[in-house]
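Engineer: The following block contains the structure, expressed as structure tokens.
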Amino acid sequence: MAARGLGLVALLSAGAGLCFAQAQWPARPIRVVMTSGPDALLRMIGQKFTEAWGQQVIVDPQGGGGGMASASVVAKAQPDGYTLLFATASHTMSPGFYKLPYDMARDFAPITVAAIVPFILIVNPSLPAKSVGDLVNLAKARPGDLNFGSGGNGSPGHLFGEMFKSMSRTNMVHIPYKGLGFAMTDLISGQLQLTFTVGPLALPQVKSGRVRALAVTTATRYSVVPELPTIAEAGIPGYDAMSWNGMMAPAGTPAAIIAKLHAEVVRALKAPDVLERIAALGYEPLGSSPEEFAGFVKSELLKWAKVARESGARLE
């Protein structure tokens, strides 16, 4: 009986210690690992974390195909809330191309999708296509003759184009570039016929008349250019593609810490200064629940695996 009593005391003490640690979280700097690239949104959120909790947020860019390096680091981290992943659409696209040492649906605890990034389908003005319907008809009349560019093999713009081809039953040739800016240069010069790219890169060129915008890739219209139809509205029902940024923790992170992180990200996304800067970046703030994010990740994994499989796309 005495041994049982001591065991119970030890168990209760351990539980109390864990609850105390969670209540004190964060007690040291938080490391957020991301794929190398633009980090303005993450730094905005990190600044709000620091203001609220008095702890530094360390942004840790990790290179690697499709976000593999960043996700690998976080999947192996202690689930204590001090190592997080700033996930992107590439994290749910890469499983269609790589054999990964982690599972995006199993090895991470979703916190929230902070923002989505609609892409815009744009064409060279010399192309006789003023609508999605025109483009589809032209591509069917000239199979294999039209080129679409992207920021690289396996990038969002690449898979958005492959899904467009599949759903419209057209044959266009993918041209990978080392970034969206390079694709835009060739589109303007006429060496490329079309591309799917982000609003801040596309819209100045649209306004100048150097390119023509046909539609947005998301299921709902883009608040920055509400006059543009969605691809689904314009003739390809069910088309829905977006880039996004979201926060994740290692699987097993205590629910109390996930809830605290979620609440703070949502609060940050409502701050007037953050909203102003997000709009300038072309993002649409979201702040989904952890449960919604979990469902979204599963659906995105299935969607892009199907696109990669059916397109036969390969990464060189």
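All residue names refer to the structure tokens as shown: chains lettered A, B, ... in order, residues numbered from 1 in each chain, ligands numbered from 1 in order.
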Near Phe182 in chain A, within 10 Å and counting only C-alpha atoms, which residues show up once chain neighbours fewer than 6 positions away are dropped, as a PyMOL selection string?

Structural biologist: chain A and resi 149-151+176

Engineer: Considering only C-alpha atoms, return as a list of chain:residue names whatever protein or nucleic-acid residues lie within 10 Å of Val266 in chain A, sequence-local ones (same chain, fewer than 4 positions apart) excluded.

Structural biologist: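 Selected residues are A:Ile45, A:Thr112, A:Val113, A:Ala114, A:Leu261, A:His262, A:Lys270, A:Ala271, A:Pro285, A:Leu286, A:Gly287, A:Ser288, A:Ser289.
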
Engineer: Write a file of the selected residues as an mmCIF file, in the first residue's frame, keeping C-alpha atoms.

Structural biologist:
data_model
loop_
_atom_site.group_PDB
_atom_site.id
_atom_site.type_symbol
_atom_site.label_atom_id
_atom_site.label_comp_id
_atom_site.auth_asym_id
_atom_site.auth_seq_id
_atom_site.Cartn_x
_atom_site.Cartn_y
_atom_site.Cartn_z
ATOM 1 C CA ILE A 45 3.153 37.292 -36.539
ATOM 2 C CA THR A 112 -4.044 27.613 -38.178
ATOM 3 C CA VAL A 113 -3.883 28.663 -41.795
ATOM 4 C CA ALA A 114 -2.791 32.263 -41.310
ATOM 5 C CA LEU A 261 -0.780 29.704 -30.312
ATOM 6 C CA HIS A 262 -3.985 29.661 -32.341
ATOM 7 C CA LYS A 270 -6.800 41.233 -36.792
ATOM 8 C CA ALA A 271 -4.284 43.952 -35.851
ATOM 9 C CA PRO A 285 -5.950 36.646 -43.890
ATOM 10 C CA LEU A 286 -7.764 33.558 -42.636
ATOM 11 C CA GLY A 287 -7.128 32.212 -39.123
ATOM 12 C CA SER A 288 -8.794 28.789 -39.449
ATOM 13 C CA SER A 289 -9.294 26.504 -36.468
#

Engineer: Which is closest to Gly282 in chain A among A:Leu201, A:Leu127, A:Val57, A:Ile175, if we use only C-alpha atoms?

Structural biologist: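 Counting only C-alpha atoms, the residue closest to Gly282 in chain A is A:Leu201.
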
Engineer: For range 85-98 of chain A, please output as a PyMOL selection string all residues within 8 Å (counting only C-alpha atoms; exclusion window: fewer than 5 positions along the same chain).

Structural biologist: chain A and resi 32-35+42+65-68+70-71+74+104+154-156+242-249+297+300-301+304-306+308-309+314-315

Engineer: Could you turn the residues from that selection into a file that holds C-alpha atoms, as a PDB file, in the first residue's frame?

Structural biologist:
ATOM      1  CA  VAL A  32       9.804  28.847 -36.216  1.00  0.00           C
ATOM      2  CA  VAL A  33      11.262  26.849 -39.094  1.00  0.00           C
ATOM      3  CA  MET A  34      10.246  27.758 -42.619  1.00  0.00           C
ATOM      4  CA  THR A  35      11.250  27.014 -46.182  1.00  0.00           C
ATOM      5  CA  LEU A  42       5.896  35.184 -40.372  1.00  0.00           C
ATOM      6  CA  GLY A  65      12.839  20.568 -52.155  1.00  0.00           C
ATOM      7  CA  GLY A  66       9.190  21.160 -51.461  1.00  0.00           C
ATOM      8  CA  GLY A  67       9.767  22.193 -47.868  1.00  0.00           C
ATOM      9  CA  MET A  68      11.325  18.827 -47.025  1.00  0.00           C
ATOM     10  CA  SER A  70      11.956  22.511 -42.815  1.00  0.00           C
ATOM     11  CA  ALA A  71       9.306  19.861 -42.188  1.00  0.00           C
ATOM     12  CA  VAL A  74      10.027  20.073 -36.961  1.00  0.00           C
ATOM     13  CA  MET A 104       2.149  15.810 -43.104  1.00  0.00           C
ATOM     14  CA  GLY A 154       6.781  21.040 -58.340  1.00  0.00           C
ATOM     15  CA  SER A 155       6.008  24.673 -57.450  1.00  0.00           C
ATOM     16  CA  PRO A 156       2.426  25.879 -56.911  1.00  0.00           C
ATOM     17  CA  MET A 242      -4.208  28.460 -53.781  1.00  0.00           C
ATOM     18  CA  SER A 243      -0.930  29.007 -52.068  1.00  0.00           C
ATOM     19  CA  TRP A 244      -1.112  29.438 -48.301  1.00  0.00           C
ATOM     20  CA  ASN A 245       0.865  29.894 -45.108  1.00  0.00           C
ATOM     21  CA  GLY A 246       0.046  28.149 -41.860  1.00  0.00           C
ATOM     22  CA  MET A 247       1.474  27.362 -38.446  1.00  0.00           C
ATOM     23  CA  MET A 248       2.063  23.805 -37.266  1.00  0.00           C
ATOM     24  CA  ALA A 249       3.694  22.119 -34.265  1.00  0.00           C
ATOM     25  CA  VAL A 297      -4.213  19.423 -45.116  1.00  0.00           C
ATOM     26  CA  GLU A 300      -4.748  19.173 -50.215  1.00  0.00           C
ATOM     27  CA  LEU A 301      -2.563  16.066 -49.930  1.00  0.00           C
ATOM     28  CA  TRP A 304      -2.032  17.345 -55.346  1.00  0.00           C
ATOM     29  CA  ALA A 305      -1.073  13.668 -55.243  1.00  0.00           C
ATOM     30  CA  LYS A 306      -3.798  13.075 -57.835  1.00  0.00           C
ATOM     31  CA  ALA A 308       1.033  14.803 -59.828  1.00  0.00           C
ATOM     32  CA  ARG A 309       0.031  11.228 -60.650  1.00  0.00           C
ATOM     33  CA  ARG A 314       8.534  14.569 -62.643  1.00  0.00           C
ATOM     34  CA  LEU A 315      11.137  16.566 -60.767  1.00  0.00           C
TER      35      LEU A 315
END

Engineer: What parts of range 70-237 of chain A does DSSP call strand (DSSP E or B)? I'd like the answer as a VMD selection string.

Structural biologist: chain A and resid 83 to 88 108 to 117 119 to 123 147 to 150 173 to 176 194 to 198 212 to 216 230

Engineer: Grab the CA of Ala139 in chain A to CA of Leu121 in chain A distance for me, in Å with one decimal place.

Structural biologist: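 It comes out at 14.4 Å.
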
Engineer: Let me make sure I understand: among A:Gln24, A:Thr170, A:Thr230, A:Thr253, which one has the smallest atom-to-atom distance to Ser131 in chain A if we use only C-alpha atoms?

Structural biologist: A:Thr230
